[in-house]
$ cat coords.pdb   # PDB, C-alpha atoms
ATOM      1  CA  MET Q   1      10.801 -16.204  -1.894
ATOM      2  CA  SER Q   2       8.968 -12.937  -1.253
ATOM      3  CA  PRO Q   3       5.159 -12.723  -1.281
ATOM      4  CA  ASP Q   4       5.395 -10.780  -4.556
ATOM      5  CA  THR Q   5       7.038 -13.727  -6.319
ATOM      6  CA  ALA Q   6       5.142 -16.588  -4.655
ATOM      7  CA  VAL Q   7       3.665 -19.036  -7.126
ATOM      8  CA  VAL Q   8       0.867 -21.423  -6.262
ATOM      9  CA  PRO Q   9       1.693 -24.887  -7.596
ATOM     10  CA  ASP Q  10      -0.775 -26.407 -10.053
ATOM     11  CA  ASP Q  11      -1.433 -29.302  -7.679
ATOM     12  CA  TRP Q  12      -2.166 -27.211  -4.559
ATOM     13  CA  PHE Q  13      -5.505 -28.996  -4.166
ATOM     14  CA  VAL Q  14      -4.024 -32.497  -3.777
ATOM     15  CA  GLY Q  15      -5.041 -33.635  -0.305
ATOM     16  CA  PHE Q  16      -6.882 -30.382   0.472
ATOM     17  CA  HIS Q  17     -10.160 -32.168   1.234
ATOM     18  CA  GLN Q  18      -8.539 -34.783   3.488
ATOM     19  CA  GLY Q  19      -7.297 -35.028   7.025
ATOM     20  CA  LEU Q  20      -7.162 -32.372   9.733
ATOM     21  CA  ALA Q  21      -7.332 -29.378   7.384
ATOM     22  CA  ALA Q  22     -10.473 -30.765   5.758
ATOM     23  CA  ARG Q  23     -12.125 -31.372   9.143
ATOM     24  CA  PHE Q  24     -11.264 -27.804  10.169
ATOM     25  CA  TRP Q  25     -12.702 -26.268   6.973
ATOM     26  CA  ARG Q  26     -15.875 -28.402   7.185
ATOM     27  CA  ALA Q  27     -16.446 -27.276  10.780
ATOM     28  CA  ALA Q  28     -15.712 -23.636   9.971
ATOM     29  CA  GLY Q  29     -17.895 -23.787   6.867
ATOM     30  CA  ALA Q  30     -20.775 -25.370   8.770
ATOM     31  CA  ALA Q  31     -20.672 -22.534  11.290
ATOM     32  CA  MET Q  32     -20.936 -19.964   8.481
ATOM     33  CA  LEU Q  33     -23.396 -21.827   6.232
ATOM     34  CA  ASP Q  34     -26.606 -19.990   7.130
ATOM     35  CA  ALA Q  35     -25.051 -16.538   6.643
ATOM     36  CA  ASP Q  36     -23.235 -17.582   3.449
ATOM     37  CA  LEU Q  37     -26.365 -19.156   1.972
ATOM     38  CA  ALA Q  38     -28.453 -16.082   2.771
ATOM     39  CA  ARG Q  39     -25.890 -13.893   0.963
ATOM     40  CA  VAL Q  40     -25.874 -16.221  -2.071
ATOM     41  CA  LEU Q  41     -29.675 -16.312  -2.264
ATOM     42  CA  ARG Q  42     -29.934 -12.516  -1.949
ATOM     43  CA  ALA Q  43     -27.243 -11.913  -4.567
ATOM     44  CA  LEU Q  44     -28.620 -14.387  -7.107
ATOM     45  CA  ASP Q  45     -32.345 -13.799  -6.526
ATOM     46  CA  LEU Q  46     -33.087 -17.320  -7.779
ATOM     47  CA  PRO Q  47     -36.600 -18.335  -8.780
ATOM     48  CA  PRO Q  48     -37.914 -21.517  -7.129
ATOM     49  CA  GLY Q  49     -36.376 -24.656  -8.605
ATOM     50  CA  ALA Q  50     -33.683 -22.765 -10.536
ATOM     51  CA  ALA Q  51     -30.765 -24.645 -12.058
ATOM     52  CA  VAL Q  52     -27.505 -23.715 -10.334
ATOM     53  CA  LEU Q  53     -23.908 -24.515 -11.262
ATOM     54  CA  ASP Q  54     -21.530 -24.272  -8.285
ATOM     55  CA  VAL Q  55     -17.896 -24.233  -9.460
ATOM     56  CA  PRO Q  56     -15.654 -24.905  -7.595
ATOM     57  CA  CYS Q  57     -18.022 -26.410  -5.044
ATOM     58  CA  GLY Q  58     -15.433 -27.839  -2.650
ATOM     59  CA  ASP Q  59     -17.161 -30.253  -0.332
ATOM     60  CA  GLY Q  60     -20.549 -29.037  -1.554
ATOM     61  CA  ARG Q  61     -21.781 -27.128   1.490
ATOM     62  CA  ILE Q  62     -23.438 -24.343  -0.533
ATOM     63  CA  ALA Q  63     -24.512 -26.704  -3.341
ATOM     64  CA  LEU Q  64     -26.181 -29.046  -0.859
ATOM     65  CA  ALA Q  65     -27.908 -26.175   0.941
ATOM     66  CA  LEU Q  66     -29.232 -24.895  -2.404
ATOM     67  CA  ALA Q  67     -30.475 -28.420  -3.226
ATOM     68  CA  ARG Q  68     -32.227 -28.595   0.157
ATOM     69  CA  ALA Q  69     -33.854 -25.247  -0.713
ATOM     70  CA  GLY Q  70     -35.337 -26.885  -3.825
ATOM     71  CA  HIS Q  71     -32.897 -25.846  -6.550
ATOM     72  CA  ARG Q  72     -31.490 -28.186  -9.204
ATOM     73  CA  VAL Q  73     -27.774 -28.085  -8.440
ATOM     74  CA  THR Q  74     -24.665 -29.320 -10.196
ATOM     75  CA  GLY Q  75     -21.443 -28.949  -8.263
ATOM     76  CA  VAL Q  76     -18.050 -29.314  -9.925
ATOM     77  CA  ASP Q  77     -14.786 -29.602  -8.068
ATOM     78  CA  ILE Q  78     -11.432 -31.189  -8.689
ATOM     79  CA  ALA Q  79     -11.889 -33.167  -5.457
ATOM     80  CA  PRO Q  80     -14.714 -35.687  -5.736
ATOM     81  CA  ALA Q  81     -17.599 -35.005  -3.353
ATOM     82  CA  ALA Q  82     -20.085 -37.447  -1.903
ATOM     83  CA  ALA Q  83     -23.679 -36.463  -1.275
ATOM     84  CA  ASP Q  84     -27.037 -38.083  -0.718
ATOM     85  CA  LEU Q  85     -29.307 -35.277  -1.879
ATOM     86  CA  ASP Q  86     -30.846 -34.287  -5.173
ATOM     87  CA  ALA Q  87     -27.681 -32.602  -6.384
ATOM     88  CA  ARG Q  88     -25.275 -33.734  -9.056
ATOM     89  CA  PHE Q  89     -21.542 -33.674  -8.333
ATOM     90  CA  LEU Q  90     -18.861 -33.982 -10.971
ATOM     91  CA  ALA Q  91     -15.116 -34.236 -10.476
ATOM     92  CA  GLY Q  92     -13.436 -31.749 -12.759
ATOM     93  CA  ASP Q  93     -11.026 -28.846 -12.926
ATOM     94  CA  LEU Q  94     -12.717 -25.458 -13.270
ATOM     95  CA  ARG Q  95      -9.768 -24.353 -15.406
ATOM     96  CA  ALA Q  96     -10.806 -26.939 -18.007
ATOM     97  CA  LEU Q  97     -14.531 -26.077 -18.194
ATOM     98  CA  SER Q  98     -15.819 -24.980 -21.555
ATOM     99  CA  SER Q  99     -18.642 -22.572 -22.229
ATOM    100  CA  GLY Q 100     -20.711 -25.587 -23.305
ATOM    101  CA  VAL Q 101     -21.034 -27.071 -19.784
ATOM    102  CA  ARG Q 102     -24.691 -27.753 -18.943
TER     103      ARG Q 102
END
$ encode --input "coords.pdb" --output "structure tokens"
Amino acid sequence: MSPDTAVVPDDWFVGFHQGLAARFWRAAGAAMLDADLARVLRALDLPPGAAVLDVPCGDGRIALALARAGHRVTGVDIAPAAADLDARFLAGDLRALSSGVR
């Protein structure tokens, strides 16, 4: 199959947040968190305590950093996340979100 005809399977995410690959991405993401968060905060220009929806949030690294910065965060990802901060995490598929998500 050539790159022009490659198709990503609908279940590509199954197992993505587990095992060696997940440990690699968490470590890589942690190393980039400060720079990524600074870019997000500059781009969004959020007022203090703003409500933020992070979709797809993956393992929640940006969502958790925004919660630590005082924002009210909801993260949605197809892979369930676990967190101990004032952020809400929902398991869901971004392809199935409606415009009525709050």
$ closest_residue --input "coords.pdb" --among "Q:Gly19, Q:Pro48, Q:Gly29, Q:Pro9" --to "His71 in chain Q" --atoms "all atoms listed in the file"
Q:Pro48
$ closest_residue --input "coords.pdb" --among "Q:Asp36, Q:Arg95, Q:His17, Q:Ala50" --to "Ile62 in chain Q" --atoms "only C-alpha atoms"
Q:Asp36
$ atom_distance --input "coords.pdb" --atom1 "CA of Ala63 in chain Q" --atom2 "CA of Gly75 in chain Q"
6.2 Å
$ atom_distance --input "coords.pdb" --atom1 "CA of Ala67 in chain Q" --atom2 "CA of Trp12 in chain Q"
28.4 Å
$ closest_residue --input "coords.pdb" --among "Q:Leu53, Q:Leu20, Q:Ala31, Q:Leu90" --to "Leu66 in chain Q" --atoms "all atoms listed in the file"
Q:Leu53
$ resolve_selection --input "coords.pdb" --expression "the PyMOL selection byres ((chain Q and resi 16) around 12)" --output "PyMOL selection string"
chain Q and resi 11-15+17-26+58-59+77-80
$ atom_distance --input "coords.pdb" --atom1 "CA of Arg88 in chain Q" --atom2 "CA of Arg61 in chain Q"
12.9 Å
$ closest_residue --input "coords.pdb" --among "Q:Leu64, Q:Ala91, Q:Thr74, Q:Val8" --to "Leu37 in chain Q" --atoms "all atoms listed in the file"
Q:Leu64
$ closest_residue --input "coords.pdb" --among "Q:Met32, Q:Ala87, Q:Arg72, Q:Asp10" --to "Ala51 in chain Q" --atoms "all atoms listed in the file"
Q:Arg72
